[in-house]
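Asker: A single structure is presented below for examination.
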Amino acid sequence: GVLALAAGVGAFSGASVAVLPALVMLCAMCALSAYTFSTIARVSAAVGADTYRDAWSRIFGKRSAAFPNAAIIFKTFVGSLAYAIILGDSAASMASLAGAKGLLAAPNAWIGIISAAVLLPLCLLRDLSSLSAGSVIGTCGTAYTALFMAIRCLDRSYAPGGARAELIAPAMRPAFAAAAGPLGGLNLKALVLVSMLATTFLAHYNAPKFYAELATPKRGSKLRSFNVAVAGGFALAAALCGSIMSAGFLTFGSASSGFILNNYATADALAVVARVGIFSSVTFSYPLLFFGLRDGVIGLLRLDGAKEGVHRVATVALLALVNSLACVMK
């Protein structure tokens, strides 16, 4: 996700100038993702489908529908697993800072608590519009994180000799090097960043559902309104991702962690607030991934997801499976 992008830049270069080609790649991937997202929704609407699997089946036939379905299940399963681990680690870290000890400072305990008290009610929802308020909160949390990281990048408090440089482990301290070639030493390792960006902007399995649930506007076409929303949403995502990627890499260079907030000192008050912001963002993003996973599994097993019993059992079973595995793998 977005918090790994700085590490993606560090994978191919330790030079500050490498952020420029990285931003070009980010904008290109965002534009491509926005276009394909809109295209999937438009084609699905044209064939009368409200799920990715249904659209594929109507266009290419039911025999091959299992292949994209399996890909969606894999992607959303891995994404949900990663989100569960992030939530557990973030909650445990915040609890430790608040003085919690023992079980309440253990990530696995928090994965269980959050799963039962927060994620289960959210994942039982059927209507994506019910998550709109949570999405606003999550976006605000991400925006604050981008602002915090920009402040720390500009005040250079983590640079050698800075006020906070000695508060973090040596392996987490800034590491920069001269560019090994043109464009910041751009090389094939930049494909690591490309793969991260492909995942960062990936929500295409929900495109038909988003379009189907969009209210018909009083003026203009529904497709036009949808495209305006897609353009705005992806542009905002690009701005936030670009800000976080740039600030993180320009602060820590090739030492950027795969979870960039781990580079910041636990005693940094602004970083604590950022962890809360990202926690809220991941919490309300989790159901969007989970919906894709649940719909994919229900479709693959050819069950009737409209039945309340199937919906509830699939939700509880998959949530338990994913988050139990998160406790083992973290």
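Chain labels A, B, ... are given in the sequence in which chains occur in the structure tokens; within each chain residues are numbered consecutively from 1, and ligands are likewise numbered from 1 in the order shown.
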Determine, counting only C-alpha atoms, which protein, DNA and RNA residues have an atom within 12 Å of an atom of Val228 of chain A; residues of the same chain fewer than 6 positions away are not included. Present the result as an NGL selection string.

Answerer: :A and (34-35 or 38 or 220-222 or 234-235)

Asker: Need to verify the contact set: Asp89 of chain A, 6 Å, only C-alpha atoms, exclusion of same-chain residues closer than 3 positions in sequence. Can you return it as a PyMOL selection string?

Answerer: chain A and resi 86+92+107

Asker: Write a file of the selected residues as a tab-separated table (two decimals), in the first residue's frame, keeping N, CA, C and O atoms.

Answerer:
chain	number	residue	atom	x	y	z
A	86	ILE	N	-1.45	-5.18	9.94
A	86	ILE	CA	-1.20	-3.76	10.20
A	86	ILE	C	-2.06	-3.26	11.34
A	86	ILE	O	-1.59	-2.54	12.24
A	92	ALA	N	-1.50	-2.48	18.95
A	92	ALA	CA	-0.60	-2.89	20.03
A	92	ALA	C	0.42	-1.80	20.33
A	92	ALA	O	0.74	-1.53	21.50
A	107	PRO	N	-0.12	-7.87	19.68
A	107	PRO	CA	-0.83	-7.65	18.41
A	107	PRO	C	-1.93	-8.67	18.14
A	107	PRO	O	-3.00	-8.32	17.66

Asker: Applying 10 Å and only C-alpha atoms, which residues near Ile244 of chain A remain after dropping the ones on its own chain fewer than 5 positions away? List them as JSON, numbers by chain.

Answerer: {"A": [2, 3, 4, 5, 6, 142, 143, 145, 146, 147, 148, 149, 150, 238, 239, 249, 250, 260]}

Asker: Running DSSP on the backbone, which parts of segment 68-172 of chain A land in helix (DSSP H, G or I), as a PyMOL selection string?

Answerer: chain A and resi 68-97+102-105+107-123+128-155+165-167+170-172

Asker: Residues within 8 Å of segment 294-297 of chain A, please, as a list in words. Count only C-alpha atoms; anything in the same chain fewer than 2 positions from it doesn't count.

Answerer: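 After dropping sequence-adjacent residues, the list is Arg53, Asn69, Ala70, Ile72, Ile73, Phe290, Phe291, Gly292, Gly299, Leu300, Leu301, Gly305, Ala314, Thr315 and Leu318 of chain A.
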
Asker: Once you count only C-alpha atoms, what closest atom pair and distance in Å to one decimal does each residue of segment 219-277 of chain A within 6 Å of segment 151-167 of chain A have, with rows by chain and rising residue number, as a Markdown table?

Answerer:
| residue | atom | partner | partner_atom | distance |
| --- | --- | --- | --- | --- |
| A:Ala247 | CA | A:Cys153 | CA | 5.7 |
| A:Thr251 | CA | A:Cys153 | CA | 5.1 |
| A:Ala265 | CA | A:Leu167 | CA | 5.8 |

Asker: Could those residues be written to a file, using all heavy atoms, as a PDB file, in the first residue's frame?

Answerer:
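Listed below is the output, selection32.pdb:
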ATOM      1  N   ALA A 247       7.861  12.304   0.687  1.00  0.00           N
ATOM      2  CA  ALA A 247       8.320  12.737   2.009  1.00  0.00           C
ATOM      3  C   ALA A 247       9.057  11.615   2.734  1.00  0.00           C
ATOM      4  O   ALA A 247      10.090  11.843   3.373  1.00  0.00           O
ATOM      5  CB  ALA A 247       7.127  13.209   2.843  1.00  0.00           C
ATOM      6  N   THR A 251      13.172  11.704   3.407  1.00  0.00           N
ATOM      7  CA  THR A 251      13.573  11.738   4.813  1.00  0.00           C
ATOM      8  C   THR A 251      14.533  10.603   5.155  1.00  0.00           C
ATOM      9  O   THR A 251      15.548  10.812   5.834  1.00  0.00           O
ATOM     10  CB  THR A 251      12.347  11.649   5.741  1.00  0.00           C
ATOM     11  OG1 THR A 251      11.456  12.720   5.449  1.00  0.00           O
ATOM     12  CG2 THR A 251      12.755  11.732   7.215  1.00  0.00           C
ATOM     13  N   ALA A 265      10.256   7.822  15.339  1.00  0.00           N
ATOM     14  CA  ALA A 265      10.406   7.505  16.756  1.00  0.00           C
ATOM     15  C   ALA A 265       9.056   7.380  17.449  1.00  0.00           C
ATOM     16  O   ALA A 265       8.126   8.138  17.158  1.00  0.00           O
ATOM     17  CB  ALA A 265      11.241   8.589  17.438  1.00  0.00           C
TER      18      ALA A 265
END

Asker: Find the residues around Leu214 of chain A up to 12 Å (only C-alpha atoms counted), leave out those fewer than 3 positions away in its own chain, and share them as a PDB file with N, CA, C and O atoms, in the first residue's frame.

Answerer:
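So around32.pdb came out as:
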ATOM      1  N   ALA A  41     -16.377  -0.728 -15.216  1.00  0.00           N
ATOM      2  CA  ALA A  41     -17.729  -0.357 -14.782  1.00  0.00           C
ATOM      3  C   ALA A  41     -18.642  -0.123 -15.980  1.00  0.00           C
ATOM      4  O   ALA A  41     -19.801  -0.575 -15.994  1.00  0.00           O
ATOM      5  N   ALA A  45     -21.934  -2.399 -16.921  1.00  0.00           N
ATOM      6  CA  ALA A  45     -23.272  -1.819 -17.039  1.00  0.00           C
ATOM      7  C   ALA A  45     -23.884  -2.126 -18.399  1.00  0.00           C
ATOM      8  O   ALA A  45     -25.089  -2.383 -18.508  1.00  0.00           O
ATOM      9  N   ASP A  50     -23.549  -6.670 -12.356  1.00  0.00           N
ATOM     10  CA  ASP A  50     -23.165  -5.834 -11.222  1.00  0.00           C
ATOM     11  C   ASP A  50     -22.020  -6.433 -10.411  1.00  0.00           C
ATOM     12  O   ASP A  50     -21.719  -5.969  -9.311  1.00  0.00           O
ATOM     13  N   ASP A 127     -24.311  -2.753   1.591  1.00  0.00           N
ATOM     14  CA  ASP A 127     -24.304  -1.540   0.780  1.00  0.00           C
ATOM     15  C   ASP A 127     -23.006  -0.767   1.012  1.00  0.00           C
ATOM     16  O   ASP A 127     -22.714  -0.343   2.127  1.00  0.00           O
ATOM     17  N   LEU A 128     -22.205  -0.580  -0.039  1.00  0.00           N
ATOM     18  CA  LEU A 128     -20.942   0.139   0.080  1.00  0.00           C
ATOM     19  C   LEU A 128     -21.142   1.589   0.506  1.00  0.00           C
ATOM     20  O   LEU A 128     -20.254   2.182   1.115  1.00  0.00           O
ATOM     21  N   SER A 129     -22.303   2.169   0.189  1.00  0.00           N
ATOM     22  CA  SER A 129     -22.539   3.569   0.554  1.00  0.00           C
ATOM     23  C   SER A 129     -22.569   3.762   2.067  1.00  0.00           C
ATOM     24  O   SER A 129     -22.362   4.876   2.563  1.00  0.00           O
ATOM     25  N   ALA A 207     -15.494  -2.205  -9.081  1.00  0.00           N
ATOM     26  CA  ALA A 207     -15.988  -1.181 -10.006  1.00  0.00           C
ATOM     27  C   ALA A 207     -17.445  -1.390 -10.413  1.00  0.00           C
ATOM     28  O   ALA A 207     -18.243  -0.438 -10.376  1.00  0.00           O
ATOM     29  N   PRO A 208     -17.850  -2.620 -10.809  1.00  0.00           N
ATOM     30  CA  PRO A 208     -19.268  -2.807 -11.172  1.00  0.00           C
ATOM     31  C   PRO A 208     -20.223  -2.510 -10.019  1.00  0.00           C
ATOM     32  O   PRO A 208     -21.304  -1.942 -10.227  1.00  0.00           O
ATOM     33  N   LYS A 209     -19.806  -2.853  -8.809  1.00  0.00           N
ATOM     34  CA  LYS A 209     -20.651  -2.628  -7.632  1.00  0.00           C
ATOM     35  C   LYS A 209     -20.770  -1.144  -7.330  1.00  0.00           C
ATOM     36  O   LYS A 209     -21.856  -0.644  -7.013  1.00  0.00           O
ATOM     37  N   PHE A 210     -19.654  -0.418  -7.435  1.00  0.00           N
ATOM     38  CA  PHE A 210     -19.698   1.033  -7.225  1.00  0.00           C
ATOM     39  C   PHE A 210     -20.648   1.691  -8.229  1.00  0.00           C
ATOM     40  O   PHE A 210     -21.452   2.559  -7.869  1.00  0.00           O
ATOM     41  N   TYR A 211     -20.542   1.291  -9.479  1.00  0.00           N
ATOM     42  CA  TYR A 211     -21.375   1.898 -10.520  1.00  0.00           C
ATOM     43  C   TYR A 211     -22.852   1.574 -10.288  1.00  0.00           C
ATOM     44  O   TYR A 211     -23.720   2.451 -10.422  1.00  0.00           O
ATOM     45  N   PRO A 217     -28.089  10.694 -11.501  1.00  0.00           N
ATOM     46  CA  PRO A 217     -28.145  12.155 -11.298  1.00  0.00           C
ATOM     47  C   PRO A 217     -29.389  12.768 -11.933  1.00  0.00           C
ATOM     48  O   PRO A 217     -29.969  12.218 -12.868  1.00  0.00           O
ATOM     49  N   SER A 221     -25.699  12.234 -17.584  1.00  0.00           N
ATOM     50  CA  SER A 221     -25.745  10.772 -17.554  1.00  0.00           C
ATOM     51  C   SER A 221     -25.073  10.218 -16.299  1.00  0.00           C
ATOM     52  O   SER A 221     -24.217  10.869 -15.689  1.00  0.00           O
ATOM     53  N   LYS A 222     -25.450   9.005 -15.954  1.00  0.00           N
ATOM     54  CA  LYS A 222     -24.869   8.326 -14.809  1.00  0.00           C
ATOM     55  C   LYS A 222     -23.389   8.037 -15.052  1.00  0.00           C
ATOM     56  O   LYS A 222     -22.560   8.149 -14.144  1.00  0.00           O
ATOM     57  N   LEU A 223     -23.049   7.667 -16.288  1.00  0.00           N
ATOM     58  CA  LEU A 223     -21.658   7.364 -16.618  1.00  0.00           C
ATOM     59  C   LEU A 223     -20.781   8.594 -16.448  1.00  0.00           C
ATOM     60  O   LEU A 223     -19.651   8.496 -15.941  1.00  0.00           O
ATOM     61  N   ARG A 224     -21.281   9.739 -16.851  1.00  0.00           N
ATOM     62  CA  ARG A 224     -20.508  10.978 -16.697  1.00  0.00           C
ATOM     63  C   ARG A 224     -20.248  11.271 -15.221  1.00  0.00           C
ATOM     64  O   ARG A 224     -19.128  11.620 -14.835  1.00  0.00           O
ATOM     65  N   SER A 225     -21.290  11.131 -14.405  1.00  0.00           N
ATOM     66  CA  SER A 225     -21.125  11.359 -12.963  1.00  0.00           C
ATOM     67  C   SER A 225     -20.120  10.376 -12.366  1.00  0.00           C
ATOM     68  O   SER A 225     -19.298  10.745 -11.516  1.00  0.00           O
ATOM     69  N   PHE A 226     -20.204   9.134 -12.833  1.00  0.00           N
ATOM     70  CA  PHE A 226     -19.280   8.118 -12.343  1.00  0.00           C
ATOM     71  C   PHE A 226     -17.844   8.462 -12.722  1.00  0.00           C
ATOM     72  O   PHE A 226     -16.928   8.373 -11.896  1.00  0.00           O
ATOM     73  N   ASN A 227     -17.635   8.882 -13.958  1.00  0.00           N
ATOM     74  CA  ASN A 227     -16.289   9.216 -14.419  1.00  0.00           C
ATOM     75  C   ASN A 227     -15.717  10.424 -13.684  1.00  0.00           C
ATOM     76  O   ASN A 227     -14.510  10.482 -13.412  1.00  0.00           O
ATOM     77  N   ALA A 229     -16.461  11.185 -10.580  1.00  0.00           N
ATOM     78  CA  ALA A 229     -16.100  10.668  -9.263  1.00  0.00           C
ATOM     79  C   ALA A 229     -14.805   9.855  -9.324  1.00  0.00           C
ATOM     80  O   ALA A 229     -13.948   9.961  -8.440  1.00  0.00           O
ATOM     81  N   VAL A 230     -14.656   9.043 -10.377  1.00  0.00           N
ATOM     82  CA  VAL A 230     -13.442   8.231 -10.541  1.00  0.00           C
ATOM     83  C   VAL A 230     -12.224   9.132 -10.711  1.00  0.00           C
ATOM     84  O   VAL A 230     -11.181   8.923 -10.070  1.00  0.00           O
TER      85      VAL A 230
END

Asker: May I ask for the distance between atom CA of Lys75 of chain A and atom CA of Ser246 of chain A, given in Å to one decimal place?

Answerer: 26.1 Å
